[in-house]
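Participant: Take a look at model-v8.pdb, PDB, C-alpha atoms:
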```
MODEL        1
ATOM      1  CA  MET A   1     112.191 101.506 142.361
ATOM      2  CA  LYS A   2     110.131 101.631 139.169
ATOM      3  CA  LYS A   3     107.141 100.476 141.237
ATOM      4  CA  PHE A   4     106.894 103.841 142.964
ATOM      5  CA  ILE A   5     108.743 106.333 140.725
ATOM      6  CA  ILE A   6     106.384 106.213 137.721
ATOM      7  CA  PRO A   7     103.169 106.239 139.805
ATOM      8  CA  GLY A   8     104.734 108.976 141.936
ATOM      9  CA  LEU A   9     105.469 111.173 138.928
ATOM     10  CA  VAL A  10     101.966 110.625 137.548
ATOM     11  CA  ALA A  11     100.507 111.465 140.969
ATOM     12  CA  GLY A  12     102.726 114.542 141.123
ATOM     13  CA  ALA A  13     101.386 115.769 137.797
ATOM     14  CA  LEU A  14      97.820 115.147 138.970
ATOM     15  CA  MET A  15      98.446 116.925 142.279
ATOM     16  CA  LEU A  16      99.920 119.931 140.460
ATOM     17  CA  VAL A  17      96.914 120.140 138.138
ATOM     18  CA  VAL A  18      94.528 119.928 141.115
ATOM     19  CA  ALA A  19      96.484 122.666 142.941
ATOM     20  CA  ILE A  20      96.458 124.970 139.916
ATOM     21  CA  ILE A  21      92.761 124.446 139.185
ATOM     22  CA  LEU A  22      91.743 125.015 142.802
ATOM     23  CA  GLY A  23      94.020 128.059 142.972
ATOM     24  CA  LEU A  24      92.286 129.542 139.939
ATOM     25  CA  ILE A  25      88.850 128.765 141.381
ATOM     26  CA  PHE A  26      89.703 130.278 144.782
ATOM     27  CA  SER A  27      91.228 133.346 143.094
ATOM     28  CA  ALA A  28      88.095 133.897 141.033
ATOM     29  CA  ILE A  29      85.698 133.436 143.945
ATOM     30  CA  PHE A  30      87.752 135.236 146.626
ATOM     31  CA  PRO A  31      89.973 137.852 144.924
ATOM     32  CA  ASP A  32      90.459 139.927 148.088
ATOM     33  CA  ALA A  33      91.742 136.976 150.084
ATOM     34  CA  MET A  34      94.104 136.023 147.285
ATOM     35  CA  ALA A  35      95.611 139.529 147.399
ATOM     36  CA  GLU A  36      97.565 138.306 150.445
ATOM     37  CA  TYR A  37      99.956 136.576 148.056
ATOM     38  CA  SER A  38     101.236 139.971 146.873
ATOM     39  CA  ASN A  39     102.618 140.756 150.351
ATOM     40  CA  SER A  40     106.365 140.466 149.696
ATOM     41  CA  ASN A  41     107.062 140.592 153.444
ATOM     42  CA  ILE A  42     105.547 137.115 153.706
ATOM     43  CA  PHE A  43     105.662 135.519 150.241
ATOM     44  CA  ARG A  44     108.357 135.428 147.592
ATOM     45  CA  GLN A  45     107.582 137.139 144.323
ATOM     46  CA  SER A  46     106.645 134.846 141.438
ATOM     47  CA  ASP A  47     109.856 135.689 139.536
ATOM     48  CA  ASP A  48     112.077 134.482 142.411
ATOM     49  CA  PRO A  49     113.939 131.334 141.229
ATOM     50  CA  LEU A  50     113.045 129.538 144.477
ATOM     51  CA  MET A  51     109.384 129.747 143.447
ATOM     52  CA  TYR A  52     110.077 127.006 140.888
ATOM     53  CA  TYR A  53     109.937 124.591 143.797
ATOM     54  CA  PHE A  54     106.168 125.182 143.829
ATOM     55  CA  PHE A  55     106.004 123.179 140.593
ATOM     56  CA  LEU A  56     108.541 120.583 141.716
ATOM     57  CA  HIS A  57     106.926 120.035 145.132
ATOM     58  CA  SER A  58     103.972 118.044 143.761
ATOM     59  CA  PHE A  59     106.324 115.595 142.057
ATOM     60  CA  VAL A  60     108.477 115.178 145.171
ATOM     61  CA  MET A  61     105.350 114.552 147.253
ATOM     62  CA  GLY A  62     103.953 112.202 144.610
ATOM     63  CA  ILE A  63     107.071 110.026 144.769
ATOM     64  CA  PHE A  64     107.082 110.025 148.591
ATOM     65  CA  LEU A  65     103.373 109.186 148.764
ATOM     66  CA  SER A  66     103.761 106.446 146.151
ATOM     67  CA  PHE A  67     106.552 104.832 148.172
ATOM     68  CA  ILE A  68     104.483 104.992 151.367
ATOM     69  CA  TRP A  69     101.415 103.621 149.515
ATOM     70  CA  LEU A  70     103.350 100.451 148.678
ATOM     71  CA  LYS A  71     104.181  99.992 152.364
ATOM     72  CA  VAL A  72     100.742 100.661 153.893
ATOM     73  CA  LYS A  73      98.111  99.731 151.299
ATOM     74  CA  GLY A  74      97.698  96.305 152.887
ATOM     75  CA  LEU A  75      96.767  97.940 156.203
ATOM     76  CA  ILE A  76      93.689  99.688 154.786
ATOM     77  CA  ASP A  77      90.596  97.478 154.954
ATOM     78  CA  GLU A  78      88.683  99.185 152.139
ATOM     79  CA  GLU A  79      88.731  97.957 148.551
ATOM     80  CA  GLY A  80      89.098  99.592 145.156
ATOM     81  CA  LEU A  81      89.172 103.348 144.776
ATOM     82  CA  THR A  82      87.768 103.778 148.292
ATOM     83  CA  LYS A  83      91.023 102.301 149.595
ATOM     84  CA  GLY A  84      92.907 105.063 147.792
ATOM     85  CA  ALA A  85      90.564 107.753 149.098
ATOM     86  CA  VAL A  86      91.051 106.478 152.660
ATOM     87  CA  TYR A  87      94.824 106.571 152.145
ATOM     88  CA  GLY A  88      94.629 110.126 150.797
ATOM     89  CA  PHE A  89      92.481 111.190 153.745
ATOM     90  CA  TYR A  90      94.942 109.693 156.243
ATOM     91  CA  VAL A  91      97.861 111.431 154.527
ATOM     92  CA  TRP A  92      95.987 114.738 154.788
ATOM     93  CA  LEU A  93      94.956 114.095 158.395
ATOM     94  CA  PHE A  94      98.433 113.136 159.629
ATOM     95  CA  PHE A  95     100.560 115.485 157.511
ATOM     96  CA  GLY A  96      98.331 118.168 155.995
ATOM     97  CA  ILE A  97      96.482 119.291 159.095
ATOM     98  CA  PRO A  98      99.582 119.602 161.332
ATOM     99  CA  GLY A  99     101.354 121.523 158.567
ATOM    100  CA  MET A 100      98.440 123.914 158.212
ATOM    101  CA  LEU A 101      98.243 124.438 161.976
ATOM    102  CA  MET A 102     101.966 125.245 161.962
ATOM    103  CA  SER A 103     101.453 127.718 159.098
ATOM    104  CA  LEU A 104      98.581 129.361 160.930
ATOM    105  CA  SER A 105     100.534 129.672 164.158
ATOM    106  CA  THR A 106     103.809 130.945 162.685
ATOM    107  CA  PHE A 107     102.918 133.170 159.708
ATOM    108  CA  GLN A 108     100.930 136.377 159.732
ATOM    109  CA  ILE A 109      98.392 135.169 157.203
ATOM    110  CA  SER A 110      94.637 134.894 157.391
ATOM    111  CA  THR A 111      92.825 131.847 158.657
ATOM    112  CA  PHE A 112      90.870 131.968 155.413
ATOM    113  CA  LEU A 113      94.042 131.587 153.326
ATOM    114  CA  VAL A 114      95.170 128.626 155.424
ATOM    115  CA  GLY A 115      91.659 127.197 154.991
ATOM    116  CA  THR A 116      91.974 127.352 151.204
ATOM    117  CA  TRP A 117      95.348 125.616 151.440
ATOM    118  CA  THR A 118      93.830 122.938 153.668
ATOM    119  CA  ILE A 119      91.062 122.255 151.150
ATOM    120  CA  SER A 120      93.548 122.210 148.279
ATOM    121  CA  VAL A 121      95.884 119.785 150.053
ATOM    122  CA  LEU A 122      92.938 117.507 150.895
ATOM    123  CA  ALA A 123      91.886 117.448 147.234
ATOM    124  CA  GLN A 124      95.462 116.735 146.124
ATOM    125  CA  ASP A 125      95.945 113.923 148.649
ATOM    126  CA  LEU A 126      92.603 112.319 147.778
ATOM    127  CA  ALA A 127      93.400 112.510 144.055
ATOM    128  CA  ALA A 128      96.823 110.920 144.590
ATOM    129  CA  GLY A 129      95.423 108.152 146.798
ATOM    130  CA  ILE A 130      92.675 107.303 144.333
ATOM    131  CA  LEU A 131      95.230 107.285 141.510
ATOM    132  CA  PHE A 132      97.483 104.871 143.420
ATOM    133  CA  ALA A 133      94.539 102.540 144.052
ATOM    134  CA  ARG A 134      93.612 102.702 140.369
ATOM    135  CA  MET A 135      97.179 102.005 139.240
ATOM    136  CA  SER A 136      97.459  99.074 141.695
ATOM    137  CA  ARG A 137      94.673  97.113 140.033
TER     138      ARG A 137
ENDMDL
END
```
Is it possible to give me this structure as C-alpha cells?
Facilitator:
Amino acid sequence: MKKFIIPGLVAGALMLVVAIILGLIFSAIFPDAMAEYSNSNIFRQSDDPLMYYFFLHSFVMGIFLSFIWLKVKGLIDEEGLTKGAVYGFYVWLFFGIPGMLMSLSTFQISTFLVGTWTISVLAQDLAAGILFARMSR
C-alpha cells in the first residue's frame, strides 16, 4: 500500500499546483471566458462546502493513478521519463477526453471553457506520469 499511497499523494499535490497555475494563467489571458464560473445556475459558489472537493480531487486522482501505474508500467515500451509521459498521455486520452466530451454534451458551458479544462487535465496527467516514472527509478 505504501508503494502507491505516498507517490499518489505527491502526484496529487503536483496535479493541484499545475491546475491552480494553469487556472491563473487562463484567467489572466481570457478573463471573459473565465466569467462563466460566476454563473451560479451551472457552478457552485466558491464558499459552498462541496467546493472543497476541488482541492481533494487531485489527491484522490493521484492515488488512483499511482495504483494503476504500478499495474501497467511494464506494458509501456518507452524508458525513463518518456515512459511516464506516455502513461500520462494515455490516462488523458482514455479518461480525460471522454470526460470532457461528456461535460461538453451535458452542460451549457462554452467549448472554450471545456478546451481549457482539457489542456489543464492533459498537463496534470503528464506531470503525474512523469513524476511516477521519476519516483520509480
Participant: Just say which residues the PyMOL selection byres ((chain A and resi 7) around 8) picks in this file, as a PyMOL selection string.
Facilitator: chain A and resi 3-6+8-11+62-63+66+132+135
Participant: If the PyMOL selection byres ((chain A and resi 125-127) around 12) were run on this exact file, what residues would it hold? Put them as a ChimeraX atom specification.
Facilitator: /A:10-19,58,61-62,64-66,69,81-97,118-124,128-134
Participant: At a cut-off of 9 Å, using only C-alpha atoms, what residues contact Ser110 (chain A)? Leave out same-chain residues fewer than 5 positions from it and give the result as a PDB file with C-alpha atoms, in the frame of the given file.
Facilitator:
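See result_36.pdb below for the written result:
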```
ATOM      1  CA  ALA A  33      91.742 136.976 150.084  1.00  0.00           C
ATOM      2  CA  GLU A  36      97.565 138.306 150.445  1.00  0.00           C
ATOM      3  CA  LEU A 104      98.581 129.361 160.930  1.00  0.00           C
ATOM      4  CA  GLY A 115      91.659 127.197 154.991  1.00  0.00           C
TER       5      GLY A 115
END
```
Participant: Would you compute the distance between CA of Lys2 (chain A) and CA of Tyr53 (chain A)? Give it in Å to one decimal.
Facilitator: 23.4 Å
Participant: Mind giving me the straight-line distance from CA of Phe107 (chain A) to CA of Phe43 (chain A) in Å, one decimal?
Facilitator: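 Computing the Euclidean distance for CA of Phe107 (chain A) and CA of Phe43 (chain A) yields 10.1 Å.
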Participant: Could you jot down the CA of Thr116 (chain A) to CA of Phe67 (chain A) separation for me, Å, one decimal place?
Facilitator: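 Answer for the CA of Thr116 (chain A) to CA of Phe67 (chain A) separation: 27.0 Å.
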Participant: Give the answer as one residue: which of A:Ile20, A:Ser38, A:Glu79, A:Arg137 has the shortest atom-to-atom distance to Trp117 (chain A), using all atoms listed in the file?
Facilitator: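 Selected residue with least distance to Trp117 (chain A): A:Ile20.
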Participant: Edge lengths and centre, in Å to one decimal, as lines of an AutoDock Vina configuration file: that's what I need for the box along x, y and z that holds all listed atoms of region 76-80 of chain A plus 6 Å on each side.
Facilitator:
```
center_x = 91.2
center_y = 98.6
center_z = 150.1
size_x = 17.0
size_y = 14.2
size_z = 21.8
```
Participant: Got a sec to write region 26-70 of chain A of the block to a file, N, CA and C atoms, as a compact mmCIF listing (two decimals), in the first residue's frame?
Facilitator:
```txt
# COMPACT_ATOMS: atom_id res chain seq x y z
N PHE A 26 -4.91 30.99 -17.42
CA PHE A 26 -6.09 31.11 -18.29
C PHE A 26 -6.96 32.30 -17.87
N SER A 27 -7.09 32.52 -16.57
CA SER A 27 -7.89 33.66 -16.09
C SER A 27 -7.29 34.98 -16.51
N ALA A 28 -5.97 35.07 -16.48
CA ALA A 28 -5.31 36.32 -16.86
C ALA A 28 -5.40 36.56 -18.37
N ILE A 29 -5.27 35.51 -19.15
CA ILE A 29 -5.27 35.66 -20.61
C ILE A 29 -6.70 35.79 -21.16
N PHE A 30 -7.64 35.07 -20.57
CA PHE A 30 -9.02 35.03 -21.08
C PHE A 30 -10.03 35.38 -19.98
N PRO A 31 -10.04 36.60 -19.48
CA PRO A 31 -10.94 36.94 -18.37
C PRO A 31 -12.42 36.80 -18.71
N ASP A 32 -12.81 37.08 -19.93
CA ASP A 32 -14.23 36.97 -20.30
C ASP A 32 -14.71 35.52 -20.25
N ALA A 33 -13.88 34.62 -20.74
CA ALA A 33 -14.26 33.21 -20.73
C ALA A 33 -14.34 32.69 -19.30
N MET A 34 -13.48 33.17 -18.44
CA MET A 34 -13.47 32.71 -17.06
C MET A 34 -14.67 33.26 -16.27
N ALA A 35 -15.34 34.26 -16.81
CA ALA A 35 -16.53 34.81 -16.15
C ALA A 35 -17.65 33.78 -16.09
N GLU A 36 -17.57 32.74 -16.91
CA GLU A 36 -18.58 31.67 -16.89
C GLU A 36 -18.67 31.02 -15.51
N TYR A 37 -17.57 31.00 -14.79
CA TYR A 37 -17.57 30.37 -13.47
C TYR A 37 -18.49 31.06 -12.48
N SER A 38 -18.84 32.32 -12.73
CA SER A 38 -19.71 33.05 -11.80
C SER A 38 -21.19 32.74 -12.03
N ASN A 39 -21.51 31.92 -13.02
CA ASN A 39 -22.89 31.55 -13.29
C ASN A 39 -23.34 30.50 -12.27
N SER A 40 -24.08 30.95 -11.25
CA SER A 40 -24.49 30.04 -10.17
C SER A 40 -25.56 29.04 -10.60
N ASN A 41 -26.10 29.19 -11.81
CA ASN A 41 -27.03 28.19 -12.32
C ASN A 41 -26.29 26.93 -12.79
N ILE A 42 -25.00 27.07 -13.03
CA ILE A 42 -24.19 25.95 -13.50
C ILE A 42 -23.18 25.52 -12.45
N PHE A 43 -22.46 26.48 -11.87
CA PHE A 43 -21.37 26.17 -10.94
C PHE A 43 -21.72 26.57 -9.52
N ARG A 44 -21.23 25.81 -8.57
CA ARG A 44 -21.39 26.15 -7.16
C ARG A 44 -20.54 27.39 -6.86
N GLN A 45 -20.96 28.14 -5.88
CA GLN A 45 -20.18 29.29 -5.45
C GLN A 45 -18.96 28.80 -4.67
N SER A 46 -17.91 29.57 -4.65
CA SER A 46 -16.66 29.15 -4.02
C SER A 46 -16.79 28.92 -2.52
N ASP A 47 -17.79 29.52 -1.87
CA ASP A 47 -17.95 29.32 -0.43
C ASP A 47 -18.82 28.10 -0.08
N ASP A 48 -19.30 27.38 -1.08
CA ASP A 48 -20.06 26.16 -0.85
C ASP A 48 -19.11 25.08 -0.32
N PRO A 49 -19.45 24.43 0.81
CA PRO A 49 -18.55 23.41 1.37
C PRO A 49 -18.18 22.29 0.39
N LEU A 50 -19.07 21.96 -0.54
CA LEU A 50 -18.74 20.92 -1.51
C LEU A 50 -17.60 21.32 -2.45
N MET A 51 -17.32 22.61 -2.53
CA MET A 51 -16.22 23.07 -3.39
C MET A 51 -14.86 22.64 -2.84
N TYR A 52 -14.79 22.23 -1.57
CA TYR A 52 -13.53 21.74 -1.03
C TYR A 52 -13.05 20.50 -1.77
N TYR A 53 -13.99 19.78 -2.36
CA TYR A 53 -13.58 18.60 -3.13
C TYR A 53 -12.65 18.96 -4.27
N PHE A 54 -12.74 20.19 -4.77
CA PHE A 54 -11.82 20.62 -5.83
C PHE A 54 -10.37 20.40 -5.39
N PHE A 55 -10.08 20.71 -4.13
CA PHE A 55 -8.72 20.54 -3.62
C PHE A 55 -8.40 19.08 -3.31
N LEU A 56 -9.39 18.33 -2.88
CA LEU A 56 -9.20 16.93 -2.56
C LEU A 56 -9.09 16.05 -3.81
N HIS A 57 -9.76 16.45 -4.88
CA HIS A 57 -9.83 15.65 -6.10
C HIS A 57 -8.45 15.27 -6.64
N SER A 58 -7.52 16.20 -6.65
CA SER A 58 -6.18 15.91 -7.18
C SER A 58 -5.50 14.80 -6.40
N PHE A 59 -5.71 14.78 -5.08
CA PHE A 59 -5.08 13.75 -4.26
C PHE A 59 -5.75 12.39 -4.48
N VAL A 60 -7.06 12.38 -4.62
CA VAL A 60 -7.77 11.13 -4.92
C VAL A 60 -7.29 10.58 -6.26
N MET A 61 -7.24 11.45 -7.27
CA MET A 61 -6.76 11.02 -8.59
C MET A 61 -5.31 10.57 -8.53
N GLY A 62 -4.48 11.29 -7.78
CA GLY A 62 -3.08 10.92 -7.66
C GLY A 62 -2.91 9.50 -7.12
N ILE A 63 -3.69 9.17 -6.10
CA ILE A 63 -3.61 7.82 -5.52
C ILE A 63 -4.11 6.78 -6.52
N PHE A 64 -5.23 7.05 -7.19
CA PHE A 64 -5.73 6.11 -8.20
C PHE A 64 -4.71 5.91 -9.32
N LEU A 65 -4.16 7.01 -9.83
CA LEU A 65 -3.20 6.92 -10.94
C LEU A 65 -1.92 6.23 -10.51
N SER A 66 -1.50 6.42 -9.27
CA SER A 66 -0.31 5.75 -8.76
C SER A 66 -0.53 4.24 -8.70
N PHE A 67 -1.70 3.83 -8.23
CA PHE A 67 -2.03 2.41 -8.17
C PHE A 67 -2.02 1.79 -9.57
N ILE A 68 -2.66 2.47 -10.51
CA ILE A 68 -2.72 1.98 -11.89
C ILE A 68 -1.32 1.94 -12.51
N TRP A 69 -0.49 2.95 -12.22
CA TRP A 69 0.89 2.99 -12.73
C TRP A 69 1.64 1.71 -12.36
N LEU A 70 1.49 1.26 -11.13
CA LEU A 70 2.18 0.05 -10.70
C LEU A 70 1.73 -1.18 -11.49
```
